[in-house]
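K.L.:
What follows is input-v9.txt; its format and atoms are compact mmCIF, C-alpha atoms.
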# COMPACT_ATOMS: atom_id res chain seq x y z
CA MET A 1 8.56 -7.68 -19.84
CA SER A 2 12.27 -7.64 -20.45
CA GLY A 3 14.32 -4.97 -22.12
CA ILE A 4 12.88 -1.70 -20.92
CA ASP A 5 15.18 0.94 -22.34
CA ALA A 6 15.66 4.70 -21.89
CA ILE A 7 12.88 5.51 -24.38
CA ASP A 8 10.43 3.26 -22.50
CA ARG A 9 11.42 4.90 -19.21
CA ASN A 10 10.89 8.32 -20.77
CA ILE A 11 7.44 7.29 -22.08
CA ILE A 12 6.52 6.05 -18.59
CA ARG A 13 7.81 9.27 -17.01
CA LEU A 14 5.76 11.43 -19.36
CA LEU A 15 2.61 9.32 -18.93
CA ARG A 16 2.96 9.63 -15.14
CA LEU A 17 2.93 13.41 -15.54
CA ASN A 18 0.00 13.40 -17.98
CA ALA A 19 -1.59 10.10 -19.03
CA ARG A 20 -3.92 12.03 -21.36
CA MET A 21 -1.07 13.41 -23.45
CA SER A 22 -1.79 12.73 -27.11
CA ASN A 23 0.22 9.99 -28.74
CA ALA A 24 1.51 12.51 -31.30
CA LYS A 25 2.84 14.84 -28.58
CA LEU A 26 4.28 11.91 -26.61
CA ALA A 27 6.01 10.60 -29.74
CA THR A 28 7.55 14.01 -30.40
CA GLU A 29 8.75 14.29 -26.78
CA VAL A 30 10.52 10.91 -26.88
CA GLY A 31 11.80 11.18 -30.46
CA LEU A 32 9.72 8.46 -32.11
CA SER A 33 7.13 8.32 -34.87
CA PRO A 34 3.55 8.15 -33.55
CA SER A 35 3.17 4.53 -34.72
CA ALA A 36 6.42 3.43 -33.03
CA CYS A 37 5.43 5.24 -29.83
CA LEU A 38 1.99 3.61 -29.78
CA ARG A 39 3.59 0.21 -30.40
CA ARG A 40 5.86 0.72 -27.36
CA ILE A 41 2.91 1.80 -25.19
CA ASN A 42 0.99 -1.31 -26.26
CA LEU A 43 3.98 -3.52 -25.40
CA LEU A 44 4.32 -1.82 -21.99
CA GLU A 45 0.62 -2.45 -21.34
CA LYS A 46 0.68 -6.07 -22.54
CA GLY A 47 3.84 -6.71 -20.51
CA GLY A 48 2.14 -5.46 -17.34
CA VAL A 49 4.49 -2.50 -16.89
CA ILE A 50 1.61 -0.08 -17.45
CA ARG A 51 -1.28 -1.60 -15.51
CA GLY A 52 -3.83 1.13 -16.06
CA TYR A 53 -4.63 4.81 -16.04
CA THR A 54 -6.36 6.84 -13.36
CA ALA A 55 -7.74 10.29 -12.63
CA LEU A 56 -6.34 12.43 -9.83
CA ILE A 57 -9.29 14.05 -8.09
CA ASP A 58 -9.23 17.24 -6.03
CA SER A 59 -11.43 17.55 -2.99
CA VAL A 60 -15.09 17.70 -4.05
CA SER A 61 -15.84 20.58 -1.72
CA GLY A 62 -13.03 22.69 -3.16
CA GLU A 63 -11.32 22.77 0.23
CA SER A 64 -7.97 21.19 0.79
CA ALA A 65 -8.28 17.64 1.96
CA ILE A 66 -6.09 16.45 4.81
CA ALA A 67 -4.19 13.25 4.09
CA VAL A 68 -4.13 10.87 7.03
CA ILE A 69 -1.49 8.13 7.10
CA ILE A 70 -2.56 5.19 9.23
CA ASN A 71 -0.33 2.40 10.50
CA ILE A 72 -2.21 -0.80 11.29
CA THR A 73 -0.85 -3.62 13.40
CA LEU A 74 -2.72 -6.91 13.22
CA GLU A 75 -3.20 -9.41 16.05
CA ARG A 76 -1.56 -12.07 13.89
CA GLN A 77 0.17 -12.03 10.54
CA THR A 78 -1.03 -15.34 9.16
CA GLU A 79 -2.20 -15.70 5.58
CA ASP A 80 -5.82 -15.96 6.75
CA HIS A 81 -5.57 -12.77 8.84
CA LEU A 82 -3.91 -10.87 5.97
CA ASN A 83 -6.50 -12.05 3.45
CA ARG A 84 -9.47 -11.16 5.69
CA PHE A 85 -8.02 -7.72 6.44
CA GLU A 86 -7.28 -6.97 2.77
CA ALA A 87 -10.73 -8.15 1.64
CA ALA A 88 -12.36 -5.85 4.20
CA VAL A 89 -10.21 -2.86 3.16
CA ARG A 90 -11.25 -3.31 -0.49
CA LYS A 91 -14.89 -2.76 0.53
CA HIS A 92 -14.25 0.81 1.74
CA PRO A 93 -13.64 3.44 -0.94
CA GLU A 94 -12.69 5.90 1.81
CA ILE A 95 -9.40 3.98 2.09
CA GLN A 96 -7.49 5.27 -0.91
CA GLU A 97 -4.26 3.32 -0.53
CA CYS A 98 -3.22 0.24 1.40
CA PHE A 99 0.30 -1.18 1.55
CA LEU A 100 1.50 -4.38 3.20
CA MET A 101 4.64 -3.29 5.03
CA THR A 102 7.75 -4.56 6.71
CA GLY A 103 8.89 -3.05 9.98
CA GLY A 104 6.87 -1.91 12.97
CA SER A 105 3.36 -2.10 11.53
CA HIS A 106 1.78 -4.53 9.12
CA TYR A 107 -0.16 -2.12 6.89
CA LEU A 108 0.03 1.52 5.91
CA LEU A 109 -3.26 3.09 4.80
CA LYS A 110 -4.05 6.51 3.38
CA VAL A 111 -7.35 8.36 3.62
CA GLU A 112 -8.21 11.97 2.86
CA VAL A 113 -10.64 13.88 5.05
CA ALA A 114 -12.04 17.40 5.30
CA GLY A 115 -11.38 17.55 9.03
CA ALA A 116 -11.18 15.77 12.36
CA GLY A 117 -14.91 15.01 12.46
CA GLU A 118 -14.80 13.09 9.21
CA PHE A 119 -11.75 11.15 10.38
CA GLU A 120 -13.48 10.31 13.66
CA ARG A 121 -16.35 8.76 11.65
CA ILE A 122 -13.92 6.75 9.49
CA HIS A 123 -12.03 5.64 12.59
CA LYS A 124 -15.19 4.52 14.41
CA GLU A 125 -17.12 3.04 11.50
CA ILE A 126 -14.35 1.56 9.39
CA LEU A 127 -10.86 1.33 10.85
CA SER A 128 -11.84 0.01 14.27
CA THR A 129 -14.11 -2.61 12.67
CA LEU A 130 -11.54 -4.09 10.30
CA PRO A 131 -10.85 -7.75 11.16
CA GLY A 132 -7.81 -8.63 13.25
CA VAL A 133 -6.73 -5.07 14.05
CA LEU A 134 -4.66 -4.81 17.22
CA ARG A 135 -3.40 -1.22 16.96
CA ILE A 136 -4.20 1.87 14.89
CA HIS A 137 -1.72 4.77 14.75
CA SER A 138 -2.76 7.80 12.67
CA SER A 139 -0.76 10.81 11.52
CA PHE A 140 -2.26 13.91 9.89
CA SER A 141 -0.35 15.56 7.06
CA ILE A 142 0.55 19.24 7.07
CA ARG A 143 0.95 19.53 3.28
CA ASN A 144 1.91 17.46 0.26
CA VAL A 145 5.36 18.57 -0.85
CA LEU A 146 5.05 16.83 -4.24
CA ALA A 147 1.46 17.87 -5.01
CA THR A 148 2.59 19.91 -8.01
CA ARG A 149 3.75 16.74 -9.76
CA ALA A 150 0.14 15.77 -10.43
CA LYS A 151 -0.38 19.09 -12.20
CA GLY A 152 2.28 18.37 -14.80
CA ARG A 153 5.35 20.03 -13.33
CA ARG A 154 8.68 18.29 -13.79
Take the structure in the file and give it back as structure tokens.
P.N.:
Amino acid sequence: MSGIDAIDRNIIRLLRLNARMSNAKLATEVGLSPSACLRRINLLEKGGVIRGYTALIDSVSGESAIAVIINITLERQTEDHLNRFEAAVRKHPEIQECFLMTGGSHYLLKVEVAGAGEFERIHKEILSTLPGVLRIHSSFSIRNVLATRAKGRR
């Protein structure tokens, strides 16, 4: 989609903060009529700029989850190896994010766990069984500095 302007960027910014904001409130915030705002949202969706909406979920147990960032190095970086690895990752809902990277490792994954025991299970049962994995390097987070963004703060 060509021609994204300041109003479109503002709509996107507000939807990132709260995708459930009513169209009327969104229109007021960006200075458009509700019909014009909805038309812009539809164009952003049809143009592939807005690809979908999601829910941000807190830990089911009520305890703070620990984010684990995992760098994966593959044995080879051929198209077949990448495709097999990515297909396997898609089968595991425990893996919340997966990025193909440049630099020292080939993939960066994110999982959230309640503690070391849960991560040990994920490491043994999932990460170490993914096809073509040569090296796994994991880092545990201390806290999410931007966590308040998901709660609507600007």
K.L.:
CA of Phe119 (chain A) and CA of Phe140 (chain A) are how many Å apart?
P.N.:
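If I compute the distance from CA of Phe119 (chain A) to CA of Phe140 (chain A), I get 9.9 Å.
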K.L.:
In the coordinate frame of the file, compute which residues have an atom within 10 Å of (4.3, 11.4, 11.2) when using only C-alpha atoms, and state them as a count of residues only.
P.N.:
9
K.L.:
For a test of reading the model, state the distance in Å between CA of Gly48 (chain A) and CA of Asp80 (chain A), rounded to one decimal.
P.N.:
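Interatomic distance, CA of Gly48 (chain A) to CA of Asp80 (chain A): 27.5 Å.
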K.L.:
Select, from A:Gly103, A:Gly132, A:Gly31, A:Gly52, the residue with the minimum atom-to-atom distance to Arg16 (chain A), counting all atoms listed in the file.
P.N.:
A:Gly52
K.L.:
Could you pull the residues within 10 Å of Leu127 (chain A), counting only C-alpha atoms, minus those fewer than 4 positions along the same chain, as a PDB file with C-alpha atoms, keeping the file's coordinate frame?
P.N.:
ATOM      1  CA  ILE A  70      -2.560   5.190   9.230  1.00  0.00           C
ATOM      2  CA  ILE A  72      -2.210  -0.800  11.290  1.00  0.00           C
ATOM      3  CA  ALA A  88     -12.360  -5.850   4.200  1.00  0.00           C
ATOM      4  CA  VAL A  89     -10.210  -2.860   3.160  1.00  0.00           C
ATOM      5  CA  HIS A  92     -14.250   0.810   1.740  1.00  0.00           C
ATOM      6  CA  ILE A  95      -9.400   3.980   2.090  1.00  0.00           C
ATOM      7  CA  LEU A 109      -3.260   3.090   4.800  1.00  0.00           C
ATOM      8  CA  PHE A 119     -11.750  11.150  10.380  1.00  0.00           C
ATOM      9  CA  GLU A 120     -13.480  10.310  13.660  1.00  0.00           C
ATOM     10  CA  ARG A 121     -16.350   8.760  11.650  1.00  0.00           C
ATOM     11  CA  ILE A 122     -13.920   6.750   9.490  1.00  0.00           C
ATOM     12  CA  HIS A 123     -12.030   5.640  12.590  1.00  0.00           C
ATOM     13  CA  PRO A 131     -10.850  -7.750  11.160  1.00  0.00           C
ATOM     14  CA  VAL A 133      -6.730  -5.070  14.050  1.00  0.00           C
ATOM     15  CA  ARG A 135      -3.400  -1.220  16.960  1.00  0.00           C
ATOM     16  CA  ILE A 136      -4.200   1.870  14.890  1.00  0.00           C
TER      17      ILE A 136
END
K.L.:
Work out how far CA of Val111 (chain A) is from CA of Gln77 (chain A), in Å to one decimal.
P.N.:
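Atom-to-atom, CA of Gln77 (chain A) and CA of Val111 (chain A) are spaced 22.8 Å apart.
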K.L.:
Find the spatial neighbours of region 112-115 of chain A, counting only C-alpha atoms, within a cut-off of 8 Å - ignore same-chain residues fewer than 4 positions away - and output them as a count of residues only.
P.N.:
9
K.L.:
Out of A:Ala87, A:Ile12, A:Leu134, A:Ile126, which residue has the shortest atom-to-atom distance to Asn71 (chain A) when counting all atoms listed in the file?
P.N.:
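The answer is A:Leu134, which sits nearest to Asn71 (chain A).
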K.L.:
Which of these, A:Arg20, A:Arg143, A:Arg84, A:His106, has the shortest distance to Ala55 (chain A) once you count all atoms listed in the file?
P.N.:
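So, comparing all the options, the nearest one is A:Arg20.
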K.L.:
Would you compute the box with edges along x, y and z of the file around region 93-105 of chain A, including every atom the file lists for it and 6 Å extra on each side, and give its centre and edge lengths in Å to one decimal, as AutoDock Vina command-line options?
P.N.:
--center_x -2.4 --center_y 0.7 --center_z 6.0 --size_x 34.5 --size_y 22.5 --size_z 25.9
K.L.:
Between A:Ile11, A:Leu108, A:Met101, A:Leu74, which residue has the minimum interatomic distance to Ile50 (chain A), considering all atoms listed in the file?
P.N.:
A:Ile11
K.L.:
Which is closer to Leu15 (chain A) than all the others in A:Ala36, A:Glu125, A:Ile41, A:Thr28, using only C-alpha atoms?
P.N.:
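When distances to Leu15 (chain A) are compared using only C-alpha atoms, the smallest one comes from A:Ile41.
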K.L.:
Counting only C-alpha atoms, figure out which residue out of A:Met21, A:Leu130, A:Ala116, A:Val49 gets nearest to Leu82 (chain A).
P.N.:
A:Leu130
K.L.:
Can you list, as a PyMOL selection string, every protein, DNA or RNA residue that comes within 12 Å of Gly47 (chain A) when you count only C-alpha atoms, leaving out same-chain residues fewer than 4 positions away?
P.N.:
chain A and resi 1-4+40-43+51-52
K.L.:
For the residues in the current selection, export C-alpha atoms as a PDB file, in the frame of the given file.
P.N.:
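Written out: again-v8.pdb:
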ATOM      1  CA  MET A   1       8.560  -7.680 -19.840  1.00  0.00           C
ATOM      2  CA  SER A   2      12.270  -7.640 -20.450  1.00  0.00           C
ATOM      3  CA  GLY A   3      14.320  -4.970 -22.120  1.00  0.00           C
ATOM      4  CA  ILE A   4      12.880  -1.700 -20.920  1.00  0.00           C
ATOM      5  CA  ARG A  40       5.860   0.720 -27.360  1.00  0.00           C
ATOM      6  CA  ILE A  41       2.910   1.800 -25.190  1.00  0.00           C
ATOM      7  CA  ASN A  42       0.990  -1.310 -26.260  1.00  0.00           C
ATOM      8  CA  LEU A  43       3.980  -3.520 -25.400  1.00  0.00           C
ATOM      9  CA  ARG A  51      -1.280  -1.600 -15.510  1.00  0.00           C
ATOM     10  CA  GLY A  52      -3.830   1.130 -16.060  1.00  0.00           C
TER      11      GLY A  52
END
